[in-house]
>>> print(open('input-v9.txt').read())   # compact mmCIF, C-alpha atoms
# COMPACT_ATOMS: atom_id res chain seq x y z
CA MET A 1 107.40 94.41 76.77
CA LEU A 2 106.24 97.14 79.12
CA ALA A 3 105.35 94.59 81.80
CA LEU A 4 108.80 93.00 81.45
CA ARG A 5 110.53 96.37 81.77
CA LEU A 6 108.50 97.31 84.85
CA THR A 7 109.20 93.91 86.37
CA ARG A 8 112.93 94.17 85.75
CA ALA A 9 113.21 97.77 86.99
CA ALA A 10 111.37 97.16 90.29
CA ARG A 11 113.02 97.49 93.69
CA PRO A 12 114.40 94.42 95.52
CA ALA A 13 111.48 94.37 97.98
CA VAL A 14 109.00 94.25 95.10
CA GLN A 15 110.99 91.51 93.39
CA LEU A 16 111.00 89.52 96.63
CA ARG A 17 107.22 89.69 96.87
CA ARG A 18 106.92 88.51 93.27
CA LEU A 19 109.28 85.63 94.00
CA LEU A 20 107.07 84.68 96.94
CA VAL A 21 104.12 84.51 94.54
CA ALA A 22 106.14 82.32 92.19
CA ALA A 23 107.18 80.03 95.06
CA ALA A 24 103.60 79.67 96.29
CA SER A 25 102.49 78.96 92.72
CA ALA A 26 105.14 76.27 92.41
CA GLY A 27 103.99 74.57 95.60
CA THR A 28 100.33 74.70 94.58
CA GLY A 29 101.12 73.43 91.09
CA PHE A 30 103.07 70.50 92.52
CA LEU A 31 100.12 69.60 94.74
CA LEU A 32 97.79 69.63 91.73
CA LEU A 33 100.15 67.41 89.77
CA SER A 34 100.38 65.01 92.70
CA CYS A 35 96.59 64.67 92.59
CA LEU A 36 96.91 63.72 88.93
CA ALA A 37 99.60 61.17 89.80
CA HIS A 38 97.39 59.67 92.51
CA ALA A 39 94.55 59.32 90.01
CA LEU A 40 96.91 57.60 87.56
CA GLY A 41 98.31 55.21 90.17
CA HIS A 42 94.96 54.38 91.79
CA PRO A 43 92.28 54.30 89.09
CA GLU A 44 89.97 52.33 91.38
CA ALA A 45 89.96 55.05 94.08
CA ALA A 46 88.34 57.88 92.17
CA SER A 47 86.67 59.34 95.28
CA ALA A 48 89.98 59.59 97.13
CA SER A 49 91.53 61.42 94.18
CA ALA A 50 88.57 63.79 94.08
CA GLN A 51 88.99 64.50 97.79
CA ARG A 52 92.67 65.28 97.27
CA LEU A 53 91.77 67.65 94.46
CA ALA A 54 89.13 69.31 96.63
CA TRP A 55 91.66 69.91 99.42
CA CYS A 56 93.91 71.63 96.88
CA THR A 57 91.41 74.50 96.73
CA VAL A 58 92.78 75.75 100.07
CA PRO A 59 96.38 76.38 98.89
CA LEU A 60 94.98 77.59 95.57
CA ALA A 61 92.88 80.25 97.31
CA ALA A 62 95.78 81.25 99.58
CA THR A 63 98.10 81.68 96.60
CA VAL A 64 95.57 83.74 94.63
CA TYR A 65 95.00 85.98 97.65
CA LEU A 66 98.76 86.50 97.98
CA ALA A 67 99.06 87.37 94.29
CA LEU A 68 96.25 89.91 94.65
CA ALA A 69 97.88 91.53 97.68
CA VAL A 70 101.24 91.76 95.88
CA ALA A 71 99.61 93.32 92.82
CA ARG A 72 97.95 95.99 94.98
CA THR A 73 101.25 97.02 96.57
CA ASP A 74 103.24 97.13 93.33
CA PRO A 75 104.47 100.76 93.04
CA GLY A 76 105.31 100.38 89.36
CA THR A 77 101.69 99.87 88.35
CA ARG A 78 100.11 102.46 90.63
CA PRO A 79 98.23 105.26 88.81
CA ARG A 80 100.13 108.54 88.95
CA PRO A 81 99.50 111.94 87.35
CA GLY A 82 101.11 112.48 83.98
CA LEU A 83 101.02 108.87 82.78
CA SER A 84 97.74 109.03 80.86
CA PRO A 85 99.16 111.27 78.06
CA VAL A 86 101.83 108.66 77.32
CA GLY A 87 99.32 105.82 77.15
CA LEU A 88 99.59 104.53 80.72
CA GLY A 89 96.11 105.18 81.98
CA PRO A 90 94.32 103.17 84.67
CA ALA A 91 93.20 100.49 82.21
CA ARG A 92 96.71 100.01 80.82
CA LEU A 93 98.23 99.83 84.30
CA MET A 94 95.61 97.28 85.30
CA ALA A 95 96.58 95.18 82.29
CA VAL A 96 100.25 95.47 83.24
CA SER A 97 99.47 94.30 86.80
CA ALA A 98 97.49 91.34 85.49
CA LEU A 99 100.27 90.42 83.05
CA THR A 100 102.91 90.68 85.78
CA THR A 101 100.83 88.38 87.99
CA ALA A 102 100.43 85.93 85.11
CA LEU A 103 104.19 85.89 84.54
CA SER A 104 104.93 85.19 88.22
CA CYS A 105 102.33 82.41 88.48
CA THR A 106 103.37 80.86 85.16
CA LEU A 107 106.98 80.83 86.28
CA GLY A 108 106.01 78.99 89.45
CA SER A 109 103.85 76.49 87.54
CA LEU A 110 106.67 75.71 85.11
CA LEU A 111 109.04 75.21 88.03
CA ALA A 112 106.53 72.81 89.60
CA LEU A 113 106.32 70.85 86.32
CA LEU A 114 110.12 70.56 86.05
CA VAL A 115 110.46 69.34 89.63
CA PHE A 116 107.59 66.90 89.15
CA LEU A 117 109.10 65.45 85.98
CA HIS A 118 112.50 65.25 87.63
CA LEU A 119 111.17 63.34 90.64
CA ARG A 120 109.31 60.96 88.32
CA GLY A 121 112.53 60.22 86.46
CA ASP A 122 111.26 61.54 83.13
CA LEU A 123 114.20 63.92 82.62
CA THR A 124 117.48 62.54 83.94
CA GLY A 125 116.63 59.24 85.56
CA MET A 126 115.11 58.35 88.91
CA PRO A 127 116.52 60.53 91.72
CA PHE A 128 116.73 59.62 95.44
CA ASP A 129 116.86 55.90 94.59
CA GLY A 130 113.23 55.92 93.46
CA ALA A 131 111.79 57.17 96.78
CA ALA A 132 109.09 59.16 94.99
CA ALA A 133 108.27 56.51 92.40
CA GLY A 134 105.15 55.14 94.06
CA MET A 135 103.85 58.52 95.21
CA LEU A 136 104.13 60.12 91.74
CA ALA A 137 103.14 57.05 89.65
CA SER A 138 106.36 56.93 87.72
CA ASP A 139 105.39 53.64 86.08
CA ARG A 140 102.49 55.30 84.25
CA SER A 141 102.82 57.68 81.34
CA LEU A 142 101.89 61.24 82.26
CA PRO A 143 99.14 62.80 80.10
CA LEU A 144 100.69 66.14 79.24
CA PRO A 145 97.43 67.92 78.26
CA ALA A 146 95.90 67.08 81.64
CA ALA A 147 99.01 68.26 83.46
CA LEU A 148 99.08 71.54 81.55
CA THR A 149 95.38 72.06 82.18
CA LEU A 150 95.86 71.68 85.94
CA LEU A 151 98.87 73.99 85.90
CA ALA A 152 96.93 76.65 83.97
CA VAL A 153 94.22 76.89 86.65
CA LEU A 154 96.29 78.98 89.05
CA PRO A 155 97.66 81.59 86.58
CA ALA A 156 94.23 82.04 85.02
CA THR A 157 92.50 82.41 88.39
CA ALA A 158 95.09 84.82 89.79
CA THR A 159 95.14 86.95 86.63
CA THR A 160 91.35 87.18 86.56
CA ALA A 161 91.22 88.11 90.24
CA VAL A 162 93.82 90.87 89.79
CA ALA A 163 92.07 92.23 86.70
CA LEU A 164 88.71 92.36 88.48
CA ALA A 165 90.11 93.90 91.66
CA LEU A 166 92.20 96.58 89.93
CA ARG A 167 89.85 97.43 87.10
CA PRO A 168 89.31 101.17 86.62
CA ARG A 169 86.06 102.37 88.09
CA ASP A 170 84.12 105.45 87.09
CA PRO A 171 84.14 108.10 89.78
CA VAL A 172 80.96 108.03 91.81
CA PRO A 173 79.23 111.43 91.70
CA PRO A 174 78.55 112.98 95.08
CA PRO A 175 75.03 112.50 96.38
CA ARG A 176 72.64 115.29 95.51
CA THR A 177 71.61 117.23 98.55
CA VAL A 178 68.62 119.52 98.82
CA ARG A 179 69.87 123.07 99.17
CA GLY A 180 68.41 124.81 102.17
CA PHE A 181 67.35 128.43 101.92
CA GLY A 182 66.67 130.85 104.68
CA ARG A 183 64.92 134.17 104.32
CA PHE A 184 64.57 135.27 100.70
CA GLY A 185 67.41 133.25 99.23
CA ALA A 186 69.85 133.46 102.10
CA TYR A 187 71.44 130.11 102.95
CA GLY A 188 70.32 128.57 106.18
CA GLY A 189 69.46 125.31 107.78
CA SER A 190 66.35 126.27 109.70
CA PRO A 191 63.30 124.30 108.53
CA ARG A 192 60.88 126.79 110.10
CA LYS A 193 58.55 128.52 107.67
CA GLU A 194 58.39 132.28 107.33
CA THR A 195 55.56 133.97 109.19
CA PHE A 196 53.19 136.60 107.93
CA GLY A 197 54.85 140.02 107.68
CA ALA A 198 58.39 138.76 107.16
CA ALA A 199 58.61 140.53 103.79
CA GLY A 200 57.80 143.85 105.41
CA ARG A 201 60.44 143.37 108.06
CA PHE A 202 63.01 142.43 105.43
CA ARG A 203 62.32 145.69 103.49
CA GLY A 204 62.83 147.82 106.59
CA GLY A 205 59.21 148.10 107.60
CA ALA A 206 57.81 148.25 111.10
CA ALA A 207 59.63 146.10 113.52
CA GLN A 208 57.96 143.83 115.92
CA PRO A 209 56.65 145.69 118.98
CA LYS A 210 59.16 145.75 121.77
CA ALA A 211 58.98 147.03 125.30
CA PRO A 212 60.43 150.58 125.36
CA ALA A 213 63.63 150.91 127.29
CA PRO A 214 64.01 153.73 129.82
CA ALA A 215 65.57 156.85 128.36
CA ASP A 216 69.01 157.87 129.53
CA PRO A 217 68.80 161.37 131.11
CA ARG A 218 72.43 162.14 130.29
CA PRO A 219 72.80 164.24 127.14
CA THR A 220 75.29 162.51 124.91
CA GLY A 221 76.09 162.93 121.27
CA GLY A 222 75.78 159.27 120.46
CA ARG A 223 73.28 156.59 121.20
CA ALA A 224 73.07 155.63 124.84
CA ALA A 225 73.52 152.14 126.08
CA GLY A 226 69.90 151.78 127.07
CA THR A 227 68.15 153.38 124.09
CA THR A 228 65.97 151.43 121.73
CA VAL A 229 67.49 150.35 118.47
CA ALA A 230 65.65 151.93 115.56
CA ASP A 231 64.50 150.02 112.53
CA GLY A 232 67.16 151.50 110.36
CA ASP A 233 69.87 150.33 112.75
CA ALA A 234 68.59 146.76 112.91
CA PRO A 235 71.01 144.21 111.51
CA ALA A 236 70.22 143.17 107.98
CA PRO A 237 69.02 139.67 107.41
CA GLY A 238 71.69 137.30 106.15
CA THR A 239 74.42 138.80 108.33
CA GLY A 240 75.95 137.19 111.38
CA ALA A 241 73.51 138.93 113.76
CA ASP A 242 70.38 137.10 112.57
CA PRO A 243 70.17 133.71 114.31
CA GLU A 244 67.91 132.23 111.65
CA SER A 245 69.67 133.32 108.46
CA SER A 246 73.18 132.80 109.79
CA ALA A 247 72.81 129.21 110.93
CA PRO A 248 76.28 127.62 110.81
CA ALA A 249 76.92 124.96 108.23
CA PRO A 250 76.98 121.44 109.65
CA ALA A 251 80.42 120.17 110.47
CA PRO A 252 81.78 117.49 108.11
CA ASP A 253 81.26 113.98 109.34
CA THR A 254 84.74 112.62 110.06
CA GLU A 255 83.52 109.43 111.70
CA VAL A 256 84.86 106.33 109.98
CA GLU A 257 82.03 104.08 108.85
CA PRO A 258 82.31 100.59 110.37
CA PRO A 259 82.51 97.65 107.95
CA SER A 260 79.19 95.97 107.32
CA GLY A 261 80.29 92.32 107.16
CA LEU A 262 80.34 91.54 110.89
CA PRO A 263 76.80 90.06 111.14
CA TRP A 264 77.29 87.94 108.01
CA GLY A 265 80.66 86.77 109.30
CA VAL A 266 79.21 85.70 112.63
CA ALA A 267 76.42 83.84 110.81
CA LEU A 268 78.88 81.98 108.56
CA VAL A 269 81.13 81.05 111.48
CA THR A 270 78.10 79.66 113.31
CA ALA A 271 77.04 77.72 110.21
CA GLY A 272 80.53 76.29 109.75
CA LEU A 273 80.72 75.12 113.36
CA ALA A 274 77.27 73.57 112.99
CA VAL A 275 78.35 71.66 109.86
CA GLN A 276 81.43 70.34 111.66
CA ALA A 277 79.32 69.31 114.64
CA TYR A 278 76.94 67.46 112.32
CA ALA A 279 79.87 65.76 110.58
CA GLY A 280 81.24 64.62 113.95
CA ARG A 281 78.13 62.53 114.62
CA THR A 282 79.49 59.76 112.38
CA ALA A 283 82.86 58.10 112.86
CA PRO A 284 84.96 58.61 110.86
CA ALA A 285 83.80 62.10 109.95
CA PRO A 286 83.20 62.68 106.21
CA ALA A 287 86.15 64.57 104.76
CA LEU A 288 84.01 66.69 102.45
CA ALA A 289 81.72 67.74 105.30
CA VAL A 290 84.72 68.72 107.41
CA LEU A 291 86.17 70.67 104.49
CA LEU A 292 82.85 72.44 103.92
CA GLY A 293 82.60 73.36 107.60
CA TRP A 294 86.14 74.76 107.65
CA LEU A 295 85.52 76.73 104.47
CA LEU A 296 82.36 78.29 105.96
CA THR A 297 84.21 79.11 109.17
CA ALA A 298 87.12 80.62 107.28
CA THR A 299 84.82 82.72 105.10
CA GLY A 300 83.00 83.95 108.19
CA LEU A 301 86.26 84.94 109.87
CA VAL A 302 87.36 86.85 106.78
CA LEU A 303 84.05 88.71 106.66
CA ALA A 304 83.95 89.44 110.40
CA ALA A 305 87.60 90.43 110.87
CA PRO A 306 87.29 94.00 109.45
CA GLY A 307 84.40 94.73 111.80
CA LEU A 308 86.34 93.29 114.73
CA THR A 309 89.36 95.40 113.80
CA HIS A 310 87.17 98.50 113.70
CA LEU A 311 85.73 97.57 117.10
CA CYS A 312 89.24 97.10 118.47
CA GLY A 313 90.18 100.61 117.33
CA ARG A 314 87.04 102.03 118.93
CA LEU A 315 87.81 100.29 122.22
CA LEU A 316 91.31 101.76 122.22
CA GLN A 317 89.82 105.24 122.20
CA SER A 318 87.38 104.68 125.06
CA THR A 319 87.62 105.97 128.65
CA ARG A 320 89.44 109.30 128.26
CA PRO A 321 92.24 108.32 125.82
CA GLY A 322 95.49 110.16 125.38
CA ALA A 323 97.26 111.08 122.17
CA LEU A 324 98.86 107.64 121.84
CA ARG A 325 95.61 105.70 122.12
CA LEU A 326 93.75 108.16 119.93
CA LEU A 327 96.31 107.79 117.16
CA ALA A 328 96.41 103.99 117.40
CA GLY A 329 92.62 103.69 117.51
CA ARG A 330 91.98 106.02 114.57
CA VAL A 331 94.51 104.17 112.42
CA LEU A 332 92.86 100.84 113.23
CA MET A 333 89.44 102.21 112.39
CA ALA A 334 90.65 103.73 109.11
CA GLU A 335 92.51 100.59 108.01
CA ALA A 336 90.02 98.03 109.27
CA ALA A 337 89.10 96.75 105.80
CA ARG A 338 92.70 96.66 104.55
CA ILE A 339 94.19 94.84 107.54
CA GLY A 340 91.13 92.96 108.78
CA ARG A 341 90.72 90.58 105.86
CA PRO A 342 94.31 89.21 105.97
CA LEU A 343 93.96 88.92 109.73
CA GLY A 344 90.81 86.87 109.23
CA VAL A 345 92.64 84.56 106.83
CA VAL A 346 95.50 84.10 109.30
CA CYS A 347 93.01 83.34 112.09
CA ALA A 348 91.20 80.81 109.90
CA VAL A 349 94.43 79.01 108.97
CA ALA A 350 95.71 79.09 112.55
CA SER A 351 92.45 77.74 113.96
CA ALA A 352 92.36 74.95 111.37
CA GLY A 353 95.96 74.01 112.12
CA TYR A 354 95.38 74.07 115.86
CA ALA A 355 92.24 71.97 115.52
CA THR A 356 94.06 69.42 113.36
CA THR A 357 96.89 69.23 115.88
CA ALA A 358 94.42 68.88 118.77
CA LEU A 359 92.85 65.85 117.08
CA TYR A 360 96.16 64.03 117.19
CA ASP A 361 96.43 62.15 120.49
CA GLY A 362 99.85 60.62 119.86
CA THR A 363 98.69 57.05 119.23
CA GLY A 364 98.31 57.12 115.46
CA PRO A 365 100.07 58.79 112.57
CA ALA A 366 100.37 62.53 112.72
CA PRO A 367 97.70 64.40 110.77
CA ALA A 368 100.31 66.27 108.74
CA SER A 369 102.54 63.26 108.02
CA GLY A 370 103.92 62.87 104.55
CA PRO A 371 105.75 65.28 102.25
CA LEU A 372 102.65 66.35 100.34
CA SER A 373 100.74 67.26 103.50
CA ALA A 374 103.74 69.17 104.81
CA LEU A 375 104.02 70.99 101.50
CA GLY A 376 100.34 71.96 101.63
CA VAL A 377 100.67 73.28 105.18
CA LEU A 378 103.78 75.23 104.21
CA VAL A 379 102.10 76.79 101.17
CA VAL A 380 98.96 77.81 103.08
CA ALA A 381 100.75 79.12 106.17
CA GLY A 382 103.46 80.91 104.21
CA SER A 383 100.99 82.50 101.82
CA THR A 384 98.75 83.80 104.60
CA LEU A 385 101.65 85.26 106.59
CA ALA A 386 103.11 86.83 103.45
CA THR A 387 99.69 88.29 102.62
CA LEU A 388 99.41 89.82 106.10
CA LEU A 389 102.88 91.38 105.82
CA THR A 390 102.06 92.67 102.34
CA ALA A 391 98.85 94.25 103.64
CA ALA A 392 100.88 95.92 106.39
CA VAL A 393 103.21 97.31 103.74
CA GLU A 394 100.23 98.59 101.75
CA ALA A 395 98.79 100.27 104.86
CA ARG A 396 102.13 101.91 105.57
CA GLN A 397 102.30 103.21 102.02
CA CYS A 398 98.79 104.65 102.26
CA ARG A 399 99.49 106.58 105.46
CA ALA A 400 102.98 107.77 104.49
CA GLU A 401 101.75 111.31 103.84
CA THR A 402 99.95 111.42 107.18
CA VAL A 403 103.07 110.26 109.02
CA ALA A 404 105.17 112.86 107.22
CA ALA A 405 102.68 115.57 108.17
CA LEU A 406 102.75 114.50 111.82
CA LEU A 407 106.54 114.60 111.83
CA ARG A 408 106.52 118.08 110.31
CA LEU A 409 104.13 119.22 113.04
CA GLY A 410 106.59 118.04 115.69
CA ALA A 411 105.18 114.65 116.66
CA PRO A 412 107.94 112.52 118.17
CA ALA A 413 108.93 109.45 116.21
CA GLY A 414 108.80 107.38 119.40
CA MET A 415 105.09 108.09 119.73
CA LEU A 416 104.47 106.80 116.20
CA ARG A 417 106.39 103.61 116.96
CA GLY A 418 104.53 103.26 120.24
CA ALA A 419 101.21 103.59 118.40
CA ALA A 420 102.26 100.80 116.02
CA VAL A 421 103.19 98.53 118.94
CA LEU A 422 99.91 99.34 120.68
CA ARG A 423 97.93 98.46 117.55
CA ALA A 424 99.72 95.13 117.22
CA ALA A 425 99.17 94.33 120.91
CA ALA A 426 95.48 95.20 120.72
CA LEU A 427 94.94 93.03 117.64
CA LEU A 428 96.81 90.14 119.24
CA ALA A 429 94.75 90.47 122.42
CA LEU A 430 91.51 90.30 120.41
CA PHE A 431 92.26 87.77 117.68
CA GLY A 432 94.43 85.40 119.73
CA PRO A 433 91.70 84.17 122.10
CA LEU A 434 89.20 84.24 119.22
CA THR A 435 91.38 81.89 117.17
CA LEU A 436 91.89 79.51 120.09
CA GLY A 437 88.17 79.48 120.87
CA ILE A 438 87.11 78.72 117.29
CA ALA A 439 89.80 76.02 117.03
CA ALA A 440 88.57 74.36 120.22
CA LEU A 441 84.98 74.46 119.03
CA SER A 442 85.99 73.03 115.65
CA ALA A 443 87.92 70.13 117.17
CA LEU A 444 85.38 69.29 119.89
CA PRO A 445 82.81 67.45 117.69
CA LEU A 446 85.51 65.52 115.80
CA ARG A 447 87.20 63.90 118.81
>>> encode(input="input-v9.txt", output="structure tokens")
Amino acid sequence: MLALRLTRAARPAVQLRRLLVAAASAGTGFLLLSCLAHALGHPEAASASAQRLAWCTVPLAATVYLALAVARTDPGTRPRPGLSPVGLGPARLMAVSALTTALSCTLGSLLALLVFLHLRGDLTGMPFDGAAAGMLASDRSLPLPAALTLLAVLPATATTAVALALRPRDPVPPPRTVRGFGRFGAYGGSPRKETFGAAGRFRGGAAQPKAPAPADPRPTGGRAAGTTVADGDAPAPGTGADPESSAPAPAPDTEVEPPSGLPWGVALVTAGLAVQAYAGRTAPAPALAVLLGWLLTATGLVLAAPGLTHLCGRLLQSTRPGALRLLAGRVLMAEAARIGRPLGVVCAVASAGYATTALYDGTGPAPASGPLSALGVLVVAGSTLATLLTAAVEARQCRAETVAALLRLGAPAGMLRGAAVLRAAALLALFGPLTLGIAALSALPLR
């Protein structure tokens, strides 16, 4: 009931994102049911049905990733102070997010089942003069348990992914640091050991021998400028006058740590291109080998994109930057992990689509011909773009306090908008040629 109330009381933008999840779930569910219909209509072509089912993992993964991004940006299930006493702790809010995701995906799966049964003519007769009869095997009885099992894959996968990603984690204790001591308990950072006689100097004993300064012949009541400082007037250890005991504390490290997945991403992209090149040695290329190569390339792009985004932010701040480039670069470096992964997914989908289009020379049927292929392309492309926009919304929510602080300090709003445009232009300049290059390398062995 709590999940239903939070779902109903959400803002229109949140409801729109949930409807996008339901629409993507409906498209993916319809593709899964079409694989079942192909298996029913062509029992002799079991390998072709298995290949169709394997290709459905791409829209399935895109839909699950969209559902996870929408669950992260849901303001109704975000932990806030004061909710734990009323029973809405982090674990309960995680359960609410998972249940909301399950409701959205289940709604889409049920919609896919209704449309599938309607096109088969199982509800109100054969629509569209039986145009979809052969494609959906309307002359065969549909095994309902198998259909429900296929439709349950997406809600179960998305709910599990949301529960694992948003599970409450114990706070990590800060690393234990060795406390540095200076002279006799005073804090300091000097690693030099005390010499013999330091205890006597600390207690006001004889000071180290110094060259006597010339006496001032002018009789004054106070101490002259050139007189020698006596032991009693020497600054006490631990004060600001002792260079050893008053060593300044090290400044906090504000450098943003770069993501660590760039080498692994480059390795996976290389492996994926190698698999596609090996598959292109035989004509026609094996579909499973091509799918495996594209999956490796896509995984490598997703892993490498945060590191590339961090590098892009660092390049923006090079060669004597101004305030605009500093702000844009620091934001890119801070949000590299949040924005980089959806960017990697978009690049992977765009490169795969470009490579598929490049393989079409105009003499044969188009590679995306047919309603099911068009539906798969629509689901994957729409889910990836919606995920990228959702990640941008999440990043904007995370830096809302920083933007408000900059506005209170007098930063012009035009500079903030200019920084956003500069970030988008820098990312487009980096990831655009990268996508085209990977697409060309992917399509080259398969020509």
>>> atom_distance(input="input-v9.txt", atom1="CA of Ile339 (chain A)", atom2="CA of Ala323 (chain A)")
22.1 Å
>>> closest_residue(input="input-v9.txt", among="A:Ala424, A:Val349, A:Thr159, A:Arg314", to="Val379 (chain A)", atoms="all atoms listed in the file")
A:Val349
>>> closest_residue(input="input-v9.txt", among="A:Leu288, A:Leu93, A:Ala328, A:Val377", to="Val421 (chain A)", atoms="only C-alpha atoms")
A:Ala328
>>> atom_distance(input="input-v9.txt", atom1="CA of Ala147 (chain A)", atom2="CA of Gly376 (chain A)")
18.6 Å
>>> axis_aligned_box(input="input-v9.txt", around="region 396-402 of chain A", padding_each_side="4 Å", output="lines of an AutoDock Vina configuration file")
center_x = 100.9
center_y = 106.7
center_z = 104.6
size_x = 12.2
size_y = 17.5
size_z = 13.2
>>> atom_distance(input="input-v9.txt", atom1="CA of Leu326 (chain A)", atom2="CA of Thr309 (chain A)")
14.8 Å
>>> closest_residue(input="input-v9.txt", among="A:Gly280, A:Tyr65, A:Ala381, A:Ala352", to="Thr157 (chain A)", atoms="only C-alpha atoms")
A:Tyr65
>>> closest_residue(input="input-v9.txt", among="A:Ala37, A:Ala91, A:Ala98, A:Ala156", to="Leu119 (chain A)", atoms="only C-alpha atoms")
A:Ala37
>>> residues_around(input="input-v9.txt", residues="Ala386 (chain A)", least_positions_apart="4", cutoff="8 Å", atoms="all atoms listed in the file", output="list in words")
Leu20, Leu66, Gly382 and Thr390 of chain A
>>> closest_residue(input="input-v9.txt", among="A:Leu375, A:Val275, A:Leu292, A:Ala426", to="Leu332 (chain A)", atoms="all atoms listed in the file")
A:Ala426
>>> closest_residue(input="input-v9.txt", among="A:Leu311, A:Leu378, A:Leu422, A:Val269", to="Thr435 (chain A)", atoms="all atoms listed in the file")
A:Val269
>>> residues_around(input="input-v9.txt", residues="Gly293 (chain A)", least_positions_apart="6", cutoff="12 Å", atoms="all atoms listed in the file", output="compact mmCIF listing (two decimals) with C-alpha atoms, in the frame of the given file")
# COMPACT_ATOMS: atom_id res chain seq x y z
CA LEU A 268 78.88 81.98 108.56
CA VAL A 269 81.13 81.05 111.48
CA THR A 270 78.10 79.66 113.31
CA ALA A 271 77.04 77.72 110.21
CA GLY A 272 80.53 76.29 109.75
CA LEU A 273 80.72 75.12 113.36
CA ALA A 274 77.27 73.57 112.99
CA VAL A 275 78.35 71.66 109.86
CA GLN A 276 81.43 70.34 111.66
CA ALA A 277 79.32 69.31 114.64
CA TYR A 278 76.94 67.46 112.32
CA ALA A 279 79.87 65.76 110.58
CA GLY A 280 81.24 64.62 113.95
CA ALA A 285 83.80 62.10 109.95
CA PRO A 286 83.20 62.68 106.21
CA ALA A 287 86.15 64.57 104.76
CA THR A 299 84.82 82.72 105.10
CA GLY A 300 83.00 83.95 108.19
CA ALA A 348 91.20 80.81 109.90
CA ALA A 352 92.36 74.95 111.37
CA ILE A 438 87.11 78.72 117.29
CA LEU A 441 84.98 74.46 119.03
CA SER A 442 85.99 73.03 115.65
CA ALA A 443 87.92 70.13 117.17
CA PRO A 445 82.81 67.45 117.69
CA LEU A 446 85.51 65.52 115.80
>>> build_atoms(input="input-v9.txt", residues="region 158-169 of chain A", atoms="N, CA and C atoms", output="mmCIF file, in the frame of the given file")
data_model
loop_
_atom_site.group_PDB
_atom_site.id
_atom_site.type_symbol
_atom_site.label_atom_id
_atom_site.label_comp_id
_atom_site.auth_asym_id
_atom_site.auth_seq_id
_atom_site.Cartn_x
_atom_site.Cartn_y
_atom_site.Cartn_z
ATOM 1 N N ALA A 158 94.431 83.653 89.198
ATOM 2 C CA ALA A 158 95.090 84.820 89.790
ATOM 3 C C ALA A 158 95.018 86.030 88.872
ATOM 4 N N THR A 159 95.214 85.822 87.572
ATOM 5 C CA THR A 159 95.140 86.950 86.630
ATOM 6 C C THR A 159 93.738 87.534 86.577
ATOM 7 N N THR A 160 92.731 86.682 86.571
ATOM 8 C CA THR A 160 91.350 87.180 86.560
ATOM 9 C C THR A 160 91.023 87.943 87.835
ATOM 10 N N ALA A 161 91.491 87.431 88.980
ATOM 11 C CA ALA A 161 91.220 88.110 90.240
ATOM 12 C C ALA A 161 91.894 89.487 90.289
ATOM 13 N N VAL A 162 93.123 89.583 89.809
ATOM 14 C CA VAL A 162 93.820 90.870 89.790
ATOM 15 C C VAL A 162 93.143 91.840 88.831
ATOM 16 N N ALA A 163 92.735 91.358 87.663
ATOM 17 C CA ALA A 163 92.070 92.230 86.700
ATOM 18 C C ALA A 163 90.738 92.759 87.229
ATOM 19 N N LEU A 164 89.990 91.908 87.927
ATOM 20 C CA LEU A 164 88.710 92.360 88.480
ATOM 21 C C LEU A 164 88.898 93.304 89.656
ATOM 22 N N ALA A 165 89.908 93.058 90.470
ATOM 23 C CA ALA A 165 90.110 93.900 91.660
ATOM 24 C C ALA A 165 90.690 95.260 91.306
ATOM 25 N N LEU A 166 91.535 95.327 90.286
ATOM 26 C CA LEU A 166 92.200 96.580 89.930
ATOM 27 C C LEU A 166 91.611 97.236 88.700
ATOM 28 N N ARG A 167 90.448 96.808 88.286
ATOM 29 C CA ARG A 167 89.850 97.430 87.100
ATOM 30 C C ARG A 167 89.506 98.890 87.391
ATOM 31 N N PRO A 168 89.658 99.756 86.391
ATOM 32 C CA PRO A 168 89.310 101.170 86.620
ATOM 33 C C PRO A 168 87.822 101.347 86.794
ATOM 34 N N ARG A 169 87.466 102.094 87.785
ATOM 35 C CA ARG A 169 86.060 102.370 88.090
ATOM 36 C C ARG A 169 85.751 103.827 87.824
#
